[in-house]
Amino acid sequence: AFTNLSYLFLQDDFRPYLSLGVGVWNSIGLVNAASTAFGPTATLGFHWYFAESLALGVRARYGLQVVVESTQLSVFHQIVGVATFMAYL
């Protein structure tokens with residue numbers, strides 16, 4: 001769960017944006033155990049409205065996860081790319 005502040009560069013059919021946020025990462029471990037971490041994010045993406053109520057969204061998110069366990073501090077970097085299709089009714 002994240003709280004984000006976003007800035008839309010354009011309000012046309014093509015809407016690029018930048019978001020900065022902070023929140024909690026929940027990771028499922030494939031090699032290590034699952035973890036929950038606090039950290040900031042930066043997202044760069046766009047929504048392209050090709051019809052009045054239909055849009056394609058693409059975004060790339062960089063995240064920094066900070067884990068504190070006992071007396072050890074661990075930092076993990078993560079980059080996630082996502083494409084979405086949105087329909088507004």
# chains A, B, ... in the order shown; residues from 1 in each chain; ligands from 1
$ select_by_dssp --residues "segment 1-58 of chain A" --states "strand (DSSP E or B)" --output "PyMOL selection string"
chain A and resi 2-8+14-27+35-51+54-58
$ write_last_selection --atoms "N, CA and C atoms" --output "compact mmCIF listing (two decimals), in the first residue's frame"
# COMPACT_ATOMS: atom_id res chain seq x y z
N PHE A 2 0.59 2.15 -0.91
CA PHE A 2 1.41 3.35 -1.07
C PHE A 2 0.55 4.60 -1.07
N THR A 3 1.12 5.68 -0.65
CA THR A 3 0.54 7.01 -0.80
C THR A 3 1.39 7.74 -1.81
N ASN A 4 0.77 8.23 -2.88
CA ASN A 4 1.50 8.85 -3.98
C ASN A 4 1.03 10.27 -4.25
N LEU A 5 1.96 11.09 -4.70
CA LEU A 5 1.65 12.39 -5.27
C LEU A 5 2.02 12.30 -6.74
N SER A 6 1.07 12.65 -7.62
CA SER A 6 1.30 12.52 -9.06
C SER A 6 1.17 13.87 -9.74
N TYR A 7 1.96 14.02 -10.81
CA TYR A 7 1.90 15.20 -11.65
C TYR A 7 1.64 14.76 -13.08
N LEU A 8 0.53 15.24 -13.67
CA LEU A 8 0.21 14.96 -15.07
C LEU A 8 0.84 16.05 -15.92
N PHE A 14 -3.23 11.58 -24.59
CA PHE A 14 -1.98 10.99 -24.10
C PHE A 14 -1.57 11.76 -22.84
N ARG A 15 -1.50 11.07 -21.70
CA ARG A 15 -1.28 11.71 -20.41
C ARG A 15 -0.06 11.13 -19.68
N PRO A 16 1.12 11.63 -19.96
CA PRO A 16 2.31 11.17 -19.22
C PRO A 16 2.29 11.74 -17.80
N TYR A 17 2.84 10.97 -16.85
CA TYR A 17 2.84 11.42 -15.46
C TYR A 17 4.09 10.95 -14.73
N LEU A 18 4.33 11.61 -13.61
CA LEU A 18 5.40 11.26 -12.68
C LEU A 18 4.76 11.18 -11.30
N SER A 19 5.04 10.13 -10.56
CA SER A 19 4.52 9.96 -9.21
C SER A 19 5.65 9.68 -8.24
N LEU A 20 5.56 10.27 -7.07
CA LEU A 20 6.47 9.97 -5.97
C LEU A 20 5.63 9.48 -4.81
N GLY A 21 6.08 8.43 -4.15
CA GLY A 21 5.27 7.87 -3.09
C GLY A 21 6.10 7.24 -1.99
N VAL A 22 5.38 6.84 -0.96
CA VAL A 22 5.99 6.14 0.17
C VAL A 22 4.96 5.13 0.66
N GLY A 23 5.46 3.99 1.13
CA GLY A 23 4.53 2.98 1.59
C GLY A 23 5.20 1.72 2.07
N VAL A 24 4.43 0.65 2.06
CA VAL A 24 4.88 -0.64 2.59
C VAL A 24 4.92 -1.65 1.45
N TRP A 25 6.06 -2.30 1.28
CA TRP A 25 6.25 -3.37 0.31
C TRP A 25 6.01 -4.71 0.98
N ASN A 26 5.25 -5.58 0.33
CA ASN A 26 5.10 -6.96 0.77
C ASN A 26 5.71 -7.85 -0.30
N SER A 27 6.78 -8.55 0.03
CA SER A 27 7.50 -9.37 -0.94
C SER A 27 7.31 -10.85 -0.63
N SER A 35 8.95 -10.98 3.10
CA SER A 35 9.26 -9.86 3.98
C SER A 35 8.32 -8.70 3.74
N THR A 36 8.23 -7.84 4.72
CA THR A 36 7.50 -6.59 4.64
C THR A 36 8.48 -5.48 4.93
N ALA A 37 8.49 -4.45 4.07
CA ALA A 37 9.47 -3.39 4.21
C ALA A 37 8.83 -2.04 3.91
N PHE A 38 9.39 -1.00 4.50
CA PHE A 38 8.99 0.37 4.27
C PHE A 38 9.90 0.98 3.22
N GLY A 39 9.38 1.89 2.39
CA GLY A 39 10.27 2.53 1.43
C GLY A 39 9.58 3.49 0.48
N PRO A 40 10.38 4.32 -0.18
CA PRO A 40 9.86 5.27 -1.16
C PRO A 40 9.79 4.66 -2.57
N THR A 41 9.01 5.29 -3.45
CA THR A 41 8.91 4.87 -4.84
C THR A 41 8.92 6.09 -5.76
N ALA A 42 9.32 5.87 -6.99
CA ALA A 42 9.21 6.86 -8.05
C ALA A 42 8.64 6.14 -9.26
N THR A 43 7.60 6.69 -9.87
CA THR A 43 6.93 6.05 -11.00
C THR A 43 6.86 7.01 -12.16
N LEU A 44 7.16 6.51 -13.35
CA LEU A 44 7.04 7.27 -14.58
C LEU A 44 6.16 6.46 -15.51
N GLY A 45 5.11 7.08 -16.05
CA GLY A 45 4.21 6.32 -16.91
C GLY A 45 3.33 7.21 -17.74
N PHE A 46 2.37 6.57 -18.42
CA PHE A 46 1.39 7.33 -19.20
C PHE A 46 0.10 6.54 -19.29
N HIS A 47 -0.99 7.27 -19.53
CA HIS A 47 -2.28 6.71 -19.91
C HIS A 47 -2.60 7.26 -21.29
N TRP A 48 -3.00 6.38 -22.19
CA TRP A 48 -3.39 6.79 -23.53
C TRP A 48 -4.86 6.43 -23.70
N TYR A 49 -5.70 7.46 -23.78
CA TYR A 49 -7.14 7.28 -23.95
C TYR A 49 -7.44 7.23 -25.45
N PHE A 50 -7.69 6.03 -25.97
CA PHE A 50 -7.98 5.86 -27.38
C PHE A 50 -9.48 5.87 -27.66
N ALA A 51 -10.28 5.95 -26.62
CA ALA A 51 -11.73 6.16 -26.71
C ALA A 51 -12.13 6.92 -25.44
N LEU A 54 -11.96 4.24 -22.62
CA LEU A 54 -10.99 3.15 -22.72
C LEU A 54 -9.58 3.71 -22.78
N ALA A 55 -8.69 3.14 -21.99
CA ALA A 55 -7.31 3.64 -21.94
C ALA A 55 -6.33 2.49 -21.76
N LEU A 56 -5.13 2.73 -22.27
CA LEU A 56 -4.00 1.83 -22.05
C LEU A 56 -3.03 2.57 -21.15
N GLY A 57 -2.57 1.90 -20.12
CA GLY A 57 -1.62 2.52 -19.20
C GLY A 57 -0.32 1.72 -19.15
N VAL A 58 0.78 2.42 -19.13
CA VAL A 58 2.10 1.80 -19.01
C VAL A 58 2.88 2.58 -17.96
$ decode --residues "segment 53-79 of chain A" --atoms "N, CA and C atoms" --output "PDB file, in the first residue's frame"
ATOM      1  N   SER A  53     -13.892   6.205 -22.887  1.00  0.00           N
ATOM      2  CA  SER A  53     -13.846   5.474 -21.623  1.00  0.00           C
ATOM      3  C   SER A  53     -12.897   4.270 -21.659  1.00  0.00           C
ATOM      4  N   LEU A  54     -11.955   4.238 -22.622  1.00  0.00           N
ATOM      5  CA  LEU A  54     -10.990   3.149 -22.721  1.00  0.00           C
ATOM      6  C   LEU A  54      -9.579   3.714 -22.775  1.00  0.00           C
ATOM      7  N   ALA A  55      -8.687   3.136 -21.986  1.00  0.00           N
ATOM      8  CA  ALA A  55      -7.310   3.642 -21.939  1.00  0.00           C
ATOM      9  C   ALA A  55      -6.331   2.493 -21.758  1.00  0.00           C
ATOM     10  N   LEU A  56      -5.126   2.728 -22.270  1.00  0.00           N
ATOM     11  CA  LEU A  56      -4.004   1.832 -22.053  1.00  0.00           C
ATOM     12  C   LEU A  56      -3.027   2.568 -21.147  1.00  0.00           C
ATOM     13  N   GLY A  57      -2.574   1.905 -20.117  1.00  0.00           N
ATOM     14  CA  GLY A  57      -1.616   2.516 -19.201  1.00  0.00           C
ATOM     15  C   GLY A  57      -0.324   1.719 -19.149  1.00  0.00           C
ATOM     16  N   VAL A  58       0.783   2.425 -19.128  1.00  0.00           N
ATOM     17  CA  VAL A  58       2.100   1.800 -19.007  1.00  0.00           C
ATOM     18  C   VAL A  58       2.877   2.578 -17.960  1.00  0.00           C
ATOM     19  N   ARG A  59       3.554   1.853 -17.070  1.00  0.00           N
ATOM     20  CA  ARG A  59       4.336   2.537 -16.040  1.00  0.00           C
ATOM     21  C   ARG A  59       5.543   1.700 -15.646  1.00  0.00           C
ATOM     22  N   ALA A  60       6.557   2.405 -15.185  1.00  0.00           N
ATOM     23  CA  ALA A  60       7.744   1.773 -14.622  1.00  0.00           C
ATOM     24  C   ALA A  60       7.929   2.369 -13.238  1.00  0.00           C
ATOM     25  N   ARG A  61       8.073   1.527 -12.245  1.00  0.00           N
ATOM     26  CA  ARG A  61       8.212   1.978 -10.861  1.00  0.00           C
ATOM     27  C   ARG A  61       9.539   1.528 -10.299  1.00  0.00           C
ATOM     28  N   TYR A  62      10.255   2.469  -9.706  1.00  0.00           N
ATOM     29  CA  TYR A  62      11.472   2.154  -8.967  1.00  0.00           C
ATOM     30  C   TYR A  62      11.124   2.206  -7.495  1.00  0.00           C
ATOM     31  N   GLY A  63      11.564   1.216  -6.771  1.00  0.00           N
ATOM     32  CA  GLY A  63      11.292   1.186  -5.345  1.00  0.00           C
ATOM     33  C   GLY A  63      12.525   0.863  -4.537  1.00  0.00           C
ATOM     34  N   LEU A  64      12.592   1.461  -3.399  1.00  0.00           N
ATOM     35  CA  LEU A  64      13.677   1.215  -2.447  1.00  0.00           C
ATOM     36  C   LEU A  64      13.049   0.622  -1.202  1.00  0.00           C
ATOM     37  N   GLN A  65      13.440  -0.592  -0.849  1.00  0.00           N
ATOM     38  CA  GLN A  65      12.892  -1.270   0.327  1.00  0.00           C
ATOM     39  C   GLN A  65      13.924  -1.237   1.441  1.00  0.00           C
ATOM     40  N   VAL A  66      13.500  -0.766   2.599  1.00  0.00           N
ATOM     41  CA  VAL A  66      14.379  -0.694   3.756  1.00  0.00           C
ATOM     42  C   VAL A  66      13.847  -1.661   4.811  1.00  0.00           C
ATOM     43  N   VAL A  67      14.655  -2.664   5.151  1.00  0.00           N
ATOM     44  CA  VAL A  67      14.263  -3.688   6.124  1.00  0.00           C
ATOM     45  C   VAL A  67      15.167  -3.580   7.339  1.00  0.00           C
ATOM     46  N   VAL A  68      14.557  -3.492   8.509  1.00  0.00           N
ATOM     47  CA  VAL A  68      15.313  -3.457   9.758  1.00  0.00           C
ATOM     48  C   VAL A  68      14.961  -4.712  10.545  1.00  0.00           C
ATOM     49  N   GLU A  69      15.955  -5.560  10.763  1.00  0.00           N
ATOM     50  CA  GLU A  69      15.771  -6.785  11.546  1.00  0.00           C
ATOM     51  C   GLU A  69      16.813  -6.802  12.651  1.00  0.00           C
ATOM     52  N   SER A  70      16.358  -6.808  13.863  1.00  0.00           N
ATOM     53  CA  SER A  70      17.246  -6.769  15.032  1.00  0.00           C
ATOM     54  C   SER A  70      18.190  -5.579  14.915  1.00  0.00           C
ATOM     55  N   THR A  71      19.448  -5.818  14.719  1.00  0.00           N
ATOM     56  CA  THR A  71      20.417  -4.724  14.588  1.00  0.00           C
ATOM     57  C   THR A  71      20.942  -4.603  13.159  1.00  0.00           C
ATOM     58  N   GLN A  72      20.288  -5.270  12.210  1.00  0.00           N
ATOM     59  CA  GLN A  72      20.762  -5.273  10.829  1.00  0.00           C
ATOM     60  C   GLN A  72      19.824  -4.463   9.939  1.00  0.00           C
ATOM     61  N   LEU A  73      20.405  -3.611   9.104  1.00  0.00           N
ATOM     62  CA  LEU A  73      19.660  -2.803   8.140  1.00  0.00           C
ATOM     63  C   LEU A  73      19.960  -3.328   6.739  1.00  0.00           C
ATOM     64  N   SER A  74      18.915  -3.670   5.994  1.00  0.00           N
ATOM     65  CA  SER A  74      19.080  -4.163   4.627  1.00  0.00           C
ATOM     66  C   SER A  74      18.320  -3.248   3.675  1.00  0.00           C
ATOM     67  N   VAL A  75      18.906  -2.981   2.529  1.00  0.00           N
ATOM     68  CA  VAL A  75      18.277  -2.144   1.513  1.00  0.00           C
ATOM     69  C   VAL A  75      18.190  -2.937   0.214  1.00  0.00           C
ATOM     70  N   PHE A  76      17.013  -2.955  -0.392  1.00  0.00           N
ATOM     71  CA  PHE A  76      16.779  -3.669  -1.641  1.00  0.00           C
ATOM     72  C   PHE A  76      16.232  -2.700  -2.671  1.00  0.00           C
ATOM     73  N   HIS A  77      16.679  -2.825  -3.922  1.00  0.00           N
ATOM     74  CA  HIS A  77      16.187  -2.011  -5.014  1.00  0.00           C
ATOM     75  C   HIS A  77      15.284  -2.866  -5.878  1.00  0.00           C
ATOM     76  N   GLN A  78      14.232  -2.245  -6.418  1.00  0.00           N
ATOM     77  CA  GLN A  78      13.299  -2.997  -7.246  1.00  0.00           C
ATOM     78  C   GLN A  78      12.803  -2.105  -8.377  1.00  0.00           C
ATOM     79  N   ILE A  79      12.743  -2.646  -9.582  1.00  0.00           N
ATOM     80  CA  ILE A  79      12.170  -1.949 -10.731  1.00  0.00           C
ATOM     81  C   ILE A  79      11.067  -2.843 -11.293  1.00  0.00           C
TER      82      ILE A  79
END
